[in-house]
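Here the structure is laid out as structure tokens; the discussion comes afterwards.
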Amino acid sequence: MPVGHKRTLSRWLLLGEWQAHKVQAATAIISIALGVALGYAIHLINAAAFNEFSAAARSLSGQSDLQVRSAQSTFDESIYPLLARHKGVELANPVLEIDAALPGGDEERKRAPLKILGLDIFRASVMAPDLIGIPAEDKLFDILADDAIFLSPAAMEWLEVKQGDLLQLRVGTQPITLRVAGGLARVRAGQRLAVMDVGAAQWRFQRLGQLSRIELKLVRGVDRSAFKTELGQELAARGHFLISETADQEVRVANMSRAYRVNLNMLAMVALFTGAFLVFSTQALSVVRRRHQFALLRVLGFTRSQLLRQILVEGSVLGATGSIAGLMLGYLTAAVALHYFGGDLGGGFFPGIKPSVNFDTSAAMVFFILGLGVTLLGSAVPAWEAANTRPAPALKAGSEDVALAKLARPWPALLCLALGGVLTRLPPIFDLPLFGYLAVALLLIGGIALMPRVSALIFSAISVAASRHGSAATPVLALARLANAPNQASVALGGVLASFTLIVAMAIMVNSFRVSVDDWLKHVLPADLYVRTAVSGDTRGLTPDEKNGIAAVPGILRADFFRSSQLMLDAGRPAVALIARPIDITDPGNTLPLTSDVVPAAQLPMEAIPIWVSEAMVDLYGFTPGKRITLPIAVPAPDFVVAGVWRDYGRQFGAIQMRLKDYQALSGDLKVNDAALWLEAGITPEEVIASLRLFPFGQALEFAEPGQIRALSLNIFDRSFAVTYLLEAVAIIIGLLGVASSFSAQALARRKEFGALRHIGVTQRQILGMLAVEGALLTSLGIMLGFGLGWCISLILVFIVNPQSFHWTMQLALPWKALIAVAIALLLSAALTAVASGRHSVSGSAIRAVREDW
Amino acid sequence: MPFYTHRPMHIGFLRHAGGTAVMGIPLRSRLIALLLGLLVACFAATPPVAASPPTFPHVRQGVPLAFPRDYGAHPGFRTEWWYVTGWLETRDKKPLGFQITFFRSATDHDPSNPSRFAPRQLIIAHAALSDPAAGKLLHDQKSAREGFGLAYAKQGDTDVKLDDWNILRQEDGRYQTSITADNFVVRFSLTPTQPPMLQGDNGFSRKGPHAVQASYYYSEPHLRVAGTVFHNGEEKAVTGTAWLDHEWSSEYLDPDADGWDWVGANLDDGSALMAFQIRGKDGTKVWAYAGLRDANGRFTKFAPEQVNFEPQRTWRSPRTDATYPVGIRIHVGSTVWSLSPLYDDQELDSRQTTGAVYWEGAVTITRDGNPAGRGYFEMTGYVKPLRL
């Protein structure tokens, strides 16, 4: 055959195939597109949010080479002149960073504090000129004024103030009023930031003598790391200081959200994987359906490699189209999501920034290649099979199932499953549960690959049992078909299995998490009423007098006071929370949601002070029970012993609890932030709130009942899992598309079979019934196996992926109702899809259908 | 309009504002005036909320200066400066000019703020080197709030420091100054050869038509300079003669004042001449003064009407378009003094950083046509604001 003719022929074959099976081609394209779109969108959103967040963080530290900070949020300013005069230091820029609470306002405003930088303009103008306030032309000295504050445009918009307005803020229980003296020279769009004079900030916010960090610019030519080491040794005598480079700060930002971002990316990969599986099933069935066509082509002179190429070209056209559509869809999705939901996808990691989506060409290439690659991979096995088939047998009818028999070999599948099992035993890499994810992928692949065997086994068993009991004709026919052509059945099953497995796994994981969080909230919120001075922000708390005043209010049976602060133990990690509260050392489980990792009180060394750490502290800092450690809350750093581990779903970067009296004795800090109140019987929270409001500082207090806190927490939880729900929906859609495509492909391929059945007296109605039963049986099997596989994967997610990424453990809880509802919906839609796609092929003339078999 | 009405100077941050402050000109206070003006202006415009601003005393006639106390800082007054200018000679007989200035300025920040960072006093410094070989000024400036021993102006004797810039008067009267600028480093010791020269009426120096427009002002002419200048990668030993001004005040300038011209000259016969005029917006003289002390210590003071500045030759700055009368004749009584610059382009243009623009340069001086000595000449207020 001349080359030109061949080209025409192959184009013609391609177009002919797609024209006849538009649905199948479209399904494959859509599933690839969805997978690519999801992956690319998540990547774009994460990259945009992360870049914007680190750029914003970087802009706060200007062009400094090193930053000196302490473990606690502030430190004594006495090291400032020391650093400023230090050999090798060209400029030292002192910074007092305050998260100021905003009084009143709606929920959204209350939750987020205003970040205020107290700067020495003369130093900062060199180090970070972008952060300089711009006063009105006739009030230049506002820049040093003790009542002036400069706000970024985003902060002005957020707080609804403009230049010249007064701004109310709060320090502990005290209100303070500052004058909005102007804007900032240049901050990132969306960055909420305020700047004021460092001296004024120390005074107004009651931080006399305190700084948050000192940024250093080194003399040109000074070796940064050598200087860092040297300075670290010098400062060691003066307290616990951390010297970090700007890069460390980026690592910290990256660490903060990394687990979350990787998890999302993994979910996107799973979606793409499901898409790839659908391509495989479409292509496999298409190849099987066209065995005669291909055999004929071979007879006409097509070589094997030409045939192979033909099928691979078909696959790559599908893959390329799907990938390009996916990239466009992904970009659009990212832009819309960033516009409406911000950069953190509900995860809460990137507050107060306004990232914009940026078409990432290299990532687009990666996702394109990934999309195309999985399609080619999906086409390769069927293509290879078609090319290697001997034309003569293939021209005969009934050889379709043989073609897929190669897929039924169980060993690779079992190997996958076994390897997956082994991988679950491995530890995380770079704090990420990479082996866990790999295990999930292997279980999925192995499970699906094992499907033909399992379905053949099960259906033959049922078929034998059914015929023994002399069942009705339709189910027997359906069972016989499923038992004897297991490979085609399993391809259809694969789509159902893959999607249902994912749904089950995700649903169990999210439900377990939610139930655990709910139980945990009940445990950690035992009191009747909670009082806080500031929901967030590190502004000062209640003085001892105010505290005693609250405790003495009639109707209060018991009042526990809390002091919480931030402790930075490692410059490359986010700060951990330090919570001091009354804890009964003989029964800490009464106050803390302890895990089983507890050192009994009797075995605690007498001289060491006990602390209880969250699970993250064990993973991240190695604070195992019984271990002696030091914490930089006083100079010299006192000795502690880890007395137990508690569960904390609130802070994935770690938290430490200690007794309030120990904390106060060590640190001399007598203020408290929060209180838990137990009320006398018959007293309502409203009555107590009313009497507390009568205090002079009453307006600064915020009250919450455990129910409200719980509702709010679960609301936040649901929001942060919103993306997961979206992914589940996509998985369901892809799964149903798979059912539709497999059944319509099969129904068309089985026209001859249906024609023969019509000839032996089976009615059209009975054939449709048979298809519905086939669909339902297949889907039920898919659902059952999917449930088993999904349950196994959920175990990996709950007991490996979650503890390794977020450092918390949870109990397993199955959402039966939701799962059954999804299963029934899937079953019904699969049966309906099977009937709908069968109707077309059954409707034709029986004689013509049989005649197709030459 | 004077440069400072266009752009404030000194304090780096102020450049962002580009504001207009129309307050006066300190007499020779040069730049600081501007700062001062700003302080006054902003203070008048916005009484701070719930803050009690500091009050600054007036300069009064008849208060005798007392040394060494008055060598030191007077933080109660709004502003103060130590200003050293001089001619140097390298070993190979090449001339250089230099200017080192330390300003102290009290702010309106609430004095009850106990923070050690409270910006009650600002320290600002300028340094410039005139090298005819370079053809333009090398200059640098710094500013900081007083505190933490990093920046201060001490009372009792001259001791001013701003990071690694400082000037210190030792007990023997000798000054040590060290400046580590961006592009040059100087270390000088300045040895007095004459007693301080009290300007005006025993140190009370009027600046304008109103009695409160005045400062306390003394000069130390004929300081013998020895030290090193490091720039362009080489260190040069230098010797020379300098002039130090120390002045403090709370209020000076007449609202009509628009700029000033000032000269301080060490004459070869051991006498010292200081003269200034304050110009009004129309370019006319608002106030003027001259003081001449001969080698024997006899001091002659000249009233405003006896002192007239008469431009002879102008130079136009290619950077700022300002036209400076770099050659000038000054009639003081019956004597005519004539100034010629070491070179024309001694304009200090730091608009890109601090916003200050003025001409401050080494000059030679003749008396009635005969070479008489060398000094420093300063001209401010010649740059028109670039308002579009």
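Chain labels run A, B, ... following the order of the structure tokens; each chain numbers its residues from 1, and ligands are numbered from 1 in the order shown.
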May I have a table of the residues of chain A lying at most 10 Å from chain B, giving each one's closest pair of atoms and their distance in Å to one decimal, counting only C-alpha atoms, ordered by chain and ascending residue number, as a tab-separated table?
```
residue	atom	partner	partner_atom	distance
A:Glu77	CA	B:Arg116	CA	9.1
A:Ser78	CA	B:Phe148	CA	8.4
A:Ile79	CA	B:Phe148	CA	9.9
A:Tyr80	CA	B:Phe148	CA	8.0
A:Pro81	CA	B:Phe148	CA	5.8
A:Leu82	CA	B:Phe148	CA	9.2
A:Ala84	CA	B:Leu150	CA	7.7
A:Arg85	CA	B:Leu150	CA	7.7
A:Glu90	CA	B:Asp163	CA	9.8
A:Leu91	CA	B:Asp163	CA	9.4
A:Pro94	CA	B:Phe117	CA	9.8
A:Leu119	CA	B:Phe117	CA	9.7
A:Asp120	CA	B:Phe117	CA	8.0
A:Ile121	CA	B:Phe13	CA	7.0
A:Phe122	CA	B:Ala144	CA	5.3
A:Arg123	CA	B:Ala144	CA	7.4
A:Ala124	CA	B:Phe13	CA	9.4
A:Ser125	CA	B:Phe13	CA	6.4
A:Val126	CA	B:Gly12	CA	8.7
A:Pro129	CA	B:Phe13	CA	8.6
A:Ile132	CA	B:Phe13	CA	7.3
A:Gly133	CA	B:His16	CA	8.6
A:Ile134	CA	B:Ala17	CA	6.3
A:Pro135	CA	B:Ala17	CA	6.6
A:Ala136	CA	B:Ala17	CA	7.1
A:Glu137	CA	B:Gly19	CA	4.4
A:Asp138	CA	B:Cys42	CA	6.2
A:Lys139	CA	B:Cys42	CA	5.0
A:Leu140	CA	B:Leu14	CA	6.7
A:Phe141	CA	B:Cys42	CA	6.6
A:Asp142	CA	B:Cys42	CA	8.2
A:Ile143	CA	B:Phe13	CA	8.4
A:Leu144	CA	B:Pro119	CA	6.8
A:Ala145	CA	B:His109	CA	5.9
A:Asp146	CA	B:His109	CA	6.2
A:Asp147	CA	B:Val49	CA	6.9
A:Ala148	CA	B:Pro48	CA	9.1
A:Thr177	CA	B:Val49	CA	9.2
A:Leu178	CA	B:Val49	CA	8.7
A:Arg179	CA	B:Val49	CA	8.5
A:Ala185	CA	B:His16	CA	8.0
A:Asp197	CA	B:Ala118	CA	8.3
A:Val198	CA	B:Phe117	CA	6.5
A:Gly199	CA	B:Phe117	CA	4.3
A:Ala200	CA	B:Ala118	CA	6.5
A:Ala201	CA	B:Ser115	CA	9.0
A:Gln202	CA	B:Ser115	CA	6.4
A:Trp203	CA	B:Ser115	CA	6.0
A:Arg204	CA	B:Asn113	CA	8.9
A:Gln206	CA	B:Ser115	CA	9.7
A:Arg207	CA	B:Ser115	CA	8.8
A:Leu208	CA	B:Ser115	CA	5.7
A:Gly209	CA	B:Ser115	CA	6.8
A:Gln210	CA	B:Ser115	CA	9.5
```
Would you save the residues from that selection as a PDB file, in the first residue's frame, using C-alpha atoms?
```pdb
ATOM      1  CA  GLU A  77      16.573  45.127  74.218  1.00  0.00           C
ATOM      2  CA  SER A  78      19.942  45.174  75.981  1.00  0.00           C
ATOM      3  CA  ILE A  79      21.586  43.105  73.264  1.00  0.00           C
ATOM      4  CA  TYR A  80      20.705  45.718  70.641  1.00  0.00           C
ATOM      5  CA  PRO A  81      23.642  48.075  71.302  1.00  0.00           C
ATOM      6  CA  LEU A  82      25.853  45.025  71.607  1.00  0.00           C
ATOM      7  CA  ALA A  84      24.917  47.349  66.644  1.00  0.00           C
ATOM      8  CA  ARG A  85      28.510  47.840  67.781  1.00  0.00           C
ATOM      9  CA  GLU A  90      27.265  47.228  59.424  1.00  0.00           C
ATOM     10  CA  LEU A  91      23.739  47.924  60.556  1.00  0.00           C
ATOM     11  CA  PRO A  94      15.670  46.630  65.925  1.00  0.00           C
ATOM     12  CA  LEU A 119      10.635  50.300  63.665  1.00  0.00           C
ATOM     13  CA  ASP A 120      13.455  52.732  64.179  1.00  0.00           C
ATOM     14  CA  ILE A 121      13.019  54.743  61.034  1.00  0.00           C
ATOM     15  CA  PHE A 122      16.685  55.707  60.915  1.00  0.00           C
ATOM     16  CA  ARG A 123      17.781  52.078  60.802  1.00  0.00           C
ATOM     17  CA  ALA A 124      14.852  50.629  58.922  1.00  0.00           C
ATOM     18  CA  SER A 125      15.053  53.187  56.123  1.00  0.00           C
ATOM     19  CA  VAL A 126      18.325  51.556  55.123  1.00  0.00           C
ATOM     20  CA  PRO A 129      12.888  51.113  52.862  1.00  0.00           C
ATOM     21  CA  ILE A 132       8.579  53.394  55.733  1.00  0.00           C
ATOM     22  CA  GLY A 133       5.430  55.262  56.595  1.00  0.00           C
ATOM     23  CA  ILE A 134       4.442  58.196  54.402  1.00  0.00           C
ATOM     24  CA  PRO A 135       3.108  61.042  56.491  1.00  0.00           C
ATOM     25  CA  ALA A 136       1.014  63.938  55.235  1.00  0.00           C
ATOM     26  CA  GLU A 137       3.112  66.652  53.603  1.00  0.00           C
ATOM     27  CA  ASP A 138       2.641  69.076  56.452  1.00  0.00           C
ATOM     28  CA  LYS A 139       3.111  66.510  59.221  1.00  0.00           C
ATOM     29  CA  LEU A 140       6.480  65.007  58.442  1.00  0.00           C
ATOM     30  CA  PHE A 141       7.272  64.336  62.046  1.00  0.00           C
ATOM     31  CA  ASP A 142       4.327  62.034  62.406  1.00  0.00           C
ATOM     32  CA  ILE A 143       6.888  59.464  61.456  1.00  0.00           C
ATOM     33  CA  LEU A 144       8.266  59.729  64.992  1.00  0.00           C
ATOM     34  CA  ALA A 145       5.049  60.669  66.747  1.00  0.00           C
ATOM     35  CA  ASP A 146       3.981  58.676  69.790  1.00  0.00           C
ATOM     36  CA  ASP A 147       0.362  58.411  68.653  1.00  0.00           C
ATOM     37  CA  ALA A 148       0.815  57.772  64.932  1.00  0.00           C
ATOM     38  CA  THR A 177      -6.245  54.939  70.304  1.00  0.00           C
ATOM     39  CA  LEU A 178      -3.795  55.676  67.548  1.00  0.00           C
ATOM     40  CA  ARG A 179      -3.990  58.125  64.683  1.00  0.00           C
ATOM     41  CA  ALA A 185       5.894  53.228  50.986  1.00  0.00           C
ATOM     42  CA  ASP A 197       7.884  54.136  65.801  1.00  0.00           C
ATOM     43  CA  VAL A 198       9.573  51.466  67.909  1.00  0.00           C
ATOM     44  CA  GLY A 199       9.731  53.736  70.946  1.00  0.00           C
ATOM     45  CA  ALA A 200       6.063  54.616  70.652  1.00  0.00           C
ATOM     46  CA  ALA A 201       5.160  50.950  70.109  1.00  0.00           C
ATOM     47  CA  GLN A 202       7.068  49.841  73.212  1.00  0.00           C
ATOM     48  CA  TRP A 203       5.257  52.419  75.249  1.00  0.00           C
ATOM     49  CA  ARG A 204       1.748  52.121  73.829  1.00  0.00           C
ATOM     50  CA  GLN A 206       3.384  47.929  77.155  1.00  0.00           C
ATOM     51  CA  ARG A 207       6.503  46.316  75.801  1.00  0.00           C
ATOM     52  CA  LEU A 208       9.044  48.610  77.391  1.00  0.00           C
ATOM     53  CA  GLY A 209      12.514  47.202  76.981  1.00  0.00           C
ATOM     54  CA  GLN A 210      11.353  44.471  74.589  1.00  0.00           C
TER      55      GLN A 210
END
```
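Between CA of Thr779 (chain A) and CA of Leu827 (chain A) there is a distance of 5.8 Å.
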Every residue of region 19-217 of chain B that DSSP places in strand (DSSP E), as a VMD selection string: chain B and resid 79 to 90 95 to 106 121 to 130 137 to 145 151 to 153 159 to 162 165 to 169 175 to 180 184 to 191 197 to 198 204 to 206 214 to 217
Resulting file, chosen residues, C-alpha atoms, as a PDB file, in the first residue's frame:
```
ATOM      1  CA  THR B  79      18.460  72.485  67.911  1.00  0.00           C
ATOM      2  CA  GLU B  80      22.214  72.624  68.060  1.00  0.00           C
ATOM      3  CA  TRP B  81      25.187  71.963  65.833  1.00  0.00           C
ATOM      4  CA  TRP B  82      28.930  71.603  65.750  1.00  0.00           C
ATOM      5  CA  TYR B  83      30.254  72.539  62.362  1.00  0.00           C
ATOM      6  CA  VAL B  84      33.863  72.055  61.339  1.00  0.00           C
ATOM      7  CA  THR B  85      35.198  73.260  57.989  1.00  0.00           C
ATOM      8  CA  GLY B  86      38.749  73.604  56.814  1.00  0.00           C
ATOM      9  CA  TRP B  87      41.521  73.487  54.289  1.00  0.00           C
ATOM     10  CA  LEU B  88      43.944  70.599  54.217  1.00  0.00           C
ATOM     11  CA  GLU B  89      47.179  69.928  52.433  1.00  0.00           C
ATOM     12  CA  THR B  90      48.548  66.531  51.554  1.00  0.00           C
ATOM     13  CA  PRO B  95      44.788  71.122  48.627  1.00  0.00           C
ATOM     14  CA  LEU B  96      41.633  69.467  49.991  1.00  0.00           C
ATOM     15  CA  GLY B  97      38.601  70.942  51.699  1.00  0.00           C
ATOM     16  CA  PHE B  98      36.457  69.245  54.317  1.00  0.00           C
ATOM     17  CA  GLN B  99      33.252  69.755  56.215  1.00  0.00           C
ATOM     18  CA  ILE B 100      32.063  67.754  59.223  1.00  0.00           C
ATOM     19  CA  THR B 101      28.794  68.607  60.894  1.00  0.00           C
ATOM     20  CA  PHE B 102      26.923  67.103  63.821  1.00  0.00           C
ATOM     21  CA  PHE B 103      23.404  68.257  64.526  1.00  0.00           C
ATOM     22  CA  ARG B 104      21.295  67.612  67.544  1.00  0.00           C
ATOM     23  CA  SER B 105      17.586  68.203  67.288  1.00  0.00           C
ATOM     24  CA  ALA B 106      14.987  67.819  70.021  1.00  0.00           C
ATOM     25  CA  GLN B 121      16.728  63.761  70.505  1.00  0.00           C
ATOM     26  CA  LEU B 122      17.915  63.111  66.985  1.00  0.00           C
ATOM     27  CA  ILE B 123      21.543  63.132  65.962  1.00  0.00           C
ATOM     28  CA  ILE B 124      22.296  63.960  62.359  1.00  0.00           C
ATOM     29  CA  ALA B 125      25.675  64.241  60.728  1.00  0.00           C
ATOM     30  CA  HIS B 126      27.047  65.350  57.377  1.00  0.00           C
ATOM     31  CA  ALA B 127      30.537  65.005  56.039  1.00  0.00           C
ATOM     32  CA  ALA B 128      31.995  66.193  52.755  1.00  0.00           C
ATOM     33  CA  LEU B 129      35.397  66.232  51.150  1.00  0.00           C
ATOM     34  CA  SER B 130      36.330  68.743  48.429  1.00  0.00           C
ATOM     35  CA  LEU B 137      32.138  66.794  46.463  1.00  0.00           C
ATOM     36  CA  LEU B 138      32.385  63.440  48.144  1.00  0.00           C
ATOM     37  CA  HIS B 139      29.767  63.417  50.803  1.00  0.00           C
ATOM     38  CA  ASP B 140      27.785  61.199  53.157  1.00  0.00           C
ATOM     39  CA  GLN B 141      25.301  61.635  55.949  1.00  0.00           C
ATOM     40  CA  LYS B 142      23.806  59.709  58.830  1.00  0.00           C
ATOM     41  CA  SER B 143      21.000  60.117  61.258  1.00  0.00           C
ATOM     42  CA  ALA B 144      19.797  58.298  64.356  1.00  0.00           C
ATOM     43  CA  ARG B 145      17.835  58.792  67.497  1.00  0.00           C
ATOM     44  CA  ALA B 151      24.195  58.024  69.192  1.00  0.00           C
ATOM     45  CA  TYR B 152      24.427  60.898  71.634  1.00  0.00           C
ATOM     46  CA  ALA B 153      25.344  64.508  72.224  1.00  0.00           C
ATOM     47  CA  ASP B 159      31.174  64.672  72.840  1.00  0.00           C
ATOM     48  CA  VAL B 160      28.916  63.768  69.978  1.00  0.00           C
ATOM     49  CA  LYS B 161      28.661  60.348  68.443  1.00  0.00           C
ATOM     50  CA  LEU B 162      26.632  58.687  65.754  1.00  0.00           C
ATOM     51  CA  TRP B 165      31.132  59.012  63.418  1.00  0.00           C
ATOM     52  CA  ASN B 166      32.138  61.167  66.341  1.00  0.00           C
ATOM     53  CA  ILE B 167      33.702  64.345  67.618  1.00  0.00           C
ATOM     54  CA  LEU B 168      35.166  64.572  71.089  1.00  0.00           C
ATOM     55  CA  ARG B 169      36.820  67.474  72.880  1.00  0.00           C
ATOM     56  CA  TYR B 175      39.195  67.779  69.341  1.00  0.00           C
ATOM     57  CA  GLN B 176      39.342  64.265  67.952  1.00  0.00           C
ATOM     58  CA  THR B 177      37.011  63.441  65.129  1.00  0.00           C
ATOM     59  CA  SER B 178      36.578  60.312  63.113  1.00  0.00           C
ATOM     60  CA  ILE B 179      34.207  59.787  60.206  1.00  0.00           C
ATOM     61  CA  THR B 180      33.770  56.500  58.352  1.00  0.00           C
ATOM     62  CA  PHE B 184      36.015  58.083  52.417  1.00  0.00           C
ATOM     63  CA  VAL B 185      37.345  57.927  55.944  1.00  0.00           C
ATOM     64  CA  VAL B 186      38.812  60.839  57.852  1.00  0.00           C
ATOM     65  CA  ARG B 187      40.516  60.961  61.240  1.00  0.00           C
ATOM     66  CA  PHE B 188      41.616  64.335  62.487  1.00  0.00           C
ATOM     67  CA  SER B 189      42.825  65.943  65.617  1.00  0.00           C
ATOM     68  CA  LEU B 190      42.043  69.663  65.801  1.00  0.00           C
ATOM     69  CA  THR B 191      44.232  71.708  68.113  1.00  0.00           C
ATOM     70  CA  MET B 197      35.494  83.684  69.447  1.00  0.00           C
ATOM     71  CA  LEU B 198      32.082  84.651  70.864  1.00  0.00           C
ATOM     72  CA  PHE B 204      24.214  86.070  71.672  1.00  0.00           C
ATOM     73  CA  SER B 205      23.740  86.104  67.911  1.00  0.00           C
ATOM     74  CA  ARG B 206      20.710  87.727  66.319  1.00  0.00           C
ATOM     75  CA  ALA B 214      18.665  84.360  67.798  1.00  0.00           C
ATOM     76  CA  SER B 215      21.120  81.703  68.851  1.00  0.00           C
ATOM     77  CA  TYR B 216      24.024  81.198  71.211  1.00  0.00           C
ATOM     78  CA  TYR B 217      27.066  81.080  68.989  1.00  0.00           C
TER      79      TYR B 217
END
```
Residue neighbourhood region 187-195 of chain A, 10 Å, only C-alpha atoms, exclusion window fewer than 2 positions, as a ChimeraX atom specification: /A:52-53,55-57,59-60,96-100,113-119,121,130-133,143,148-159,180,182-185,197-198,201,351-356
Put those residues in a file: C-alpha atoms, as an mmCIF file, in the first residue's frame.
```cif
data_model
loop_
_atom_site.group_PDB
_atom_site.id
_atom_site.type_symbol
_atom_site.label_atom_id
_atom_site.label_comp_id
_atom_site.auth_asym_id
_atom_site.auth_seq_id
_atom_site.Cartn_x
_atom_site.Cartn_y
_atom_site.Cartn_z
ATOM 1 C CA GLU A 52 3.072 35.552 47.874
ATOM 2 C CA PHE A 53 3.298 34.532 51.499
ATOM 3 C CA ALA A 55 7.478 37.354 49.509
ATOM 4 C CA ALA A 56 5.375 39.116 52.106
ATOM 5 C CA ALA A 57 7.376 37.524 54.901
ATOM 6 C CA SER A 59 9.536 42.040 52.660
ATOM 7 C CA LEU A 60 9.209 42.324 56.427
ATOM 8 C CA LEU A 96 9.220 45.057 67.750
ATOM 9 C CA GLU A 97 6.505 43.002 66.141
ATOM 10 C CA ILE A 98 3.081 43.122 67.717
ATOM 11 C CA ASP A 99 -0.069 41.253 66.819
ATOM 12 C CA ALA A 100 -2.581 43.720 68.106
ATOM 13 C CA PRO A 113 -4.988 40.473 64.649
ATOM 14 C CA LEU A 114 -3.322 43.478 63.074
ATOM 15 C CA LYS A 115 0.397 42.974 62.596
ATOM 16 C CA ILE A 116 2.264 46.073 63.736
ATOM 17 C CA LEU A 117 5.970 46.581 63.220
ATOM 18 C CA GLY A 118 7.648 48.967 65.602
ATOM 19 C CA LEU A 119 10.635 50.300 63.665
ATOM 20 C CA ILE A 121 13.019 54.743 61.034
ATOM 21 C CA ASP A 130 9.598 49.642 51.667
ATOM 22 C CA LEU A 131 8.229 49.675 55.185
ATOM 23 C CA ILE A 132 8.579 53.394 55.733
ATOM 24 C CA GLY A 133 5.430 55.262 56.595
ATOM 25 C CA ILE A 143 6.888 59.464 61.456
ATOM 26 C CA ALA A 148 0.815 57.772 64.932
ATOM 27 C CA ILE A 149 0.404 54.526 63.034
ATOM 28 C CA PHE A 150 0.923 53.908 59.320
ATOM 29 C CA LEU A 151 -1.198 51.306 57.567
ATOM 30 C CA SER A 152 -0.806 49.396 54.334
ATOM 31 C CA PRO A 153 -3.632 49.947 51.806
ATOM 32 C CA ALA A 154 -5.003 46.474 52.498
ATOM 33 C CA ALA A 155 -5.018 47.147 56.242
ATOM 34 C CA MET A 156 -6.818 50.455 55.727
ATOM 35 C CA GLU A 157 -9.435 48.749 53.612
ATOM 36 C CA TRP A 158 -9.795 45.929 56.087
ATOM 37 C CA LEU A 159 -10.118 48.219 59.098
ATOM 38 C CA VAL A 180 -3.715 56.790 61.139
ATOM 39 C CA GLY A 182 -0.509 57.708 56.485
ATOM 40 C CA GLY A 183 0.251 54.750 54.281
ATOM 41 C CA LEU A 184 3.357 52.668 53.721
ATOM 42 C CA ALA A 185 5.894 53.228 50.986
ATOM 43 C CA ASP A 197 7.884 54.136 65.801
ATOM 44 C CA VAL A 198 9.573 51.466 67.909
ATOM 45 C CA ALA A 201 5.160 50.950 70.109
ATOM 46 C CA PRO A 351 -3.859 34.622 55.991
ATOM 47 C CA GLY A 352 -3.850 38.253 54.924
ATOM 48 C CA ILE A 353 -2.372 37.999 51.463
ATOM 49 C CA LYS A 354 -3.797 38.442 48.003
ATOM 50 C CA PRO A 355 -1.942 36.147 45.620
ATOM 51 C CA SER A 356 -2.571 36.270 41.902
#
```
Give me the residues within 9 Å of Leu594 (chain A) as a PyMOL selection string, counting only C-alpha atoms and dropping any in the same chain fewer than 6 places off. chain A and resi 588+612+614+644-647
If you measure from CA of Ile733 (chain A) to CA of Gly378 (chain A), what distance in Å do you get, rounded to one decimal? 19.5 Å
Work out how far apart CA of Ala290 (chain B) and CA of Val307 (chain B) are and give it in Å to one decimal. 6.6 Å
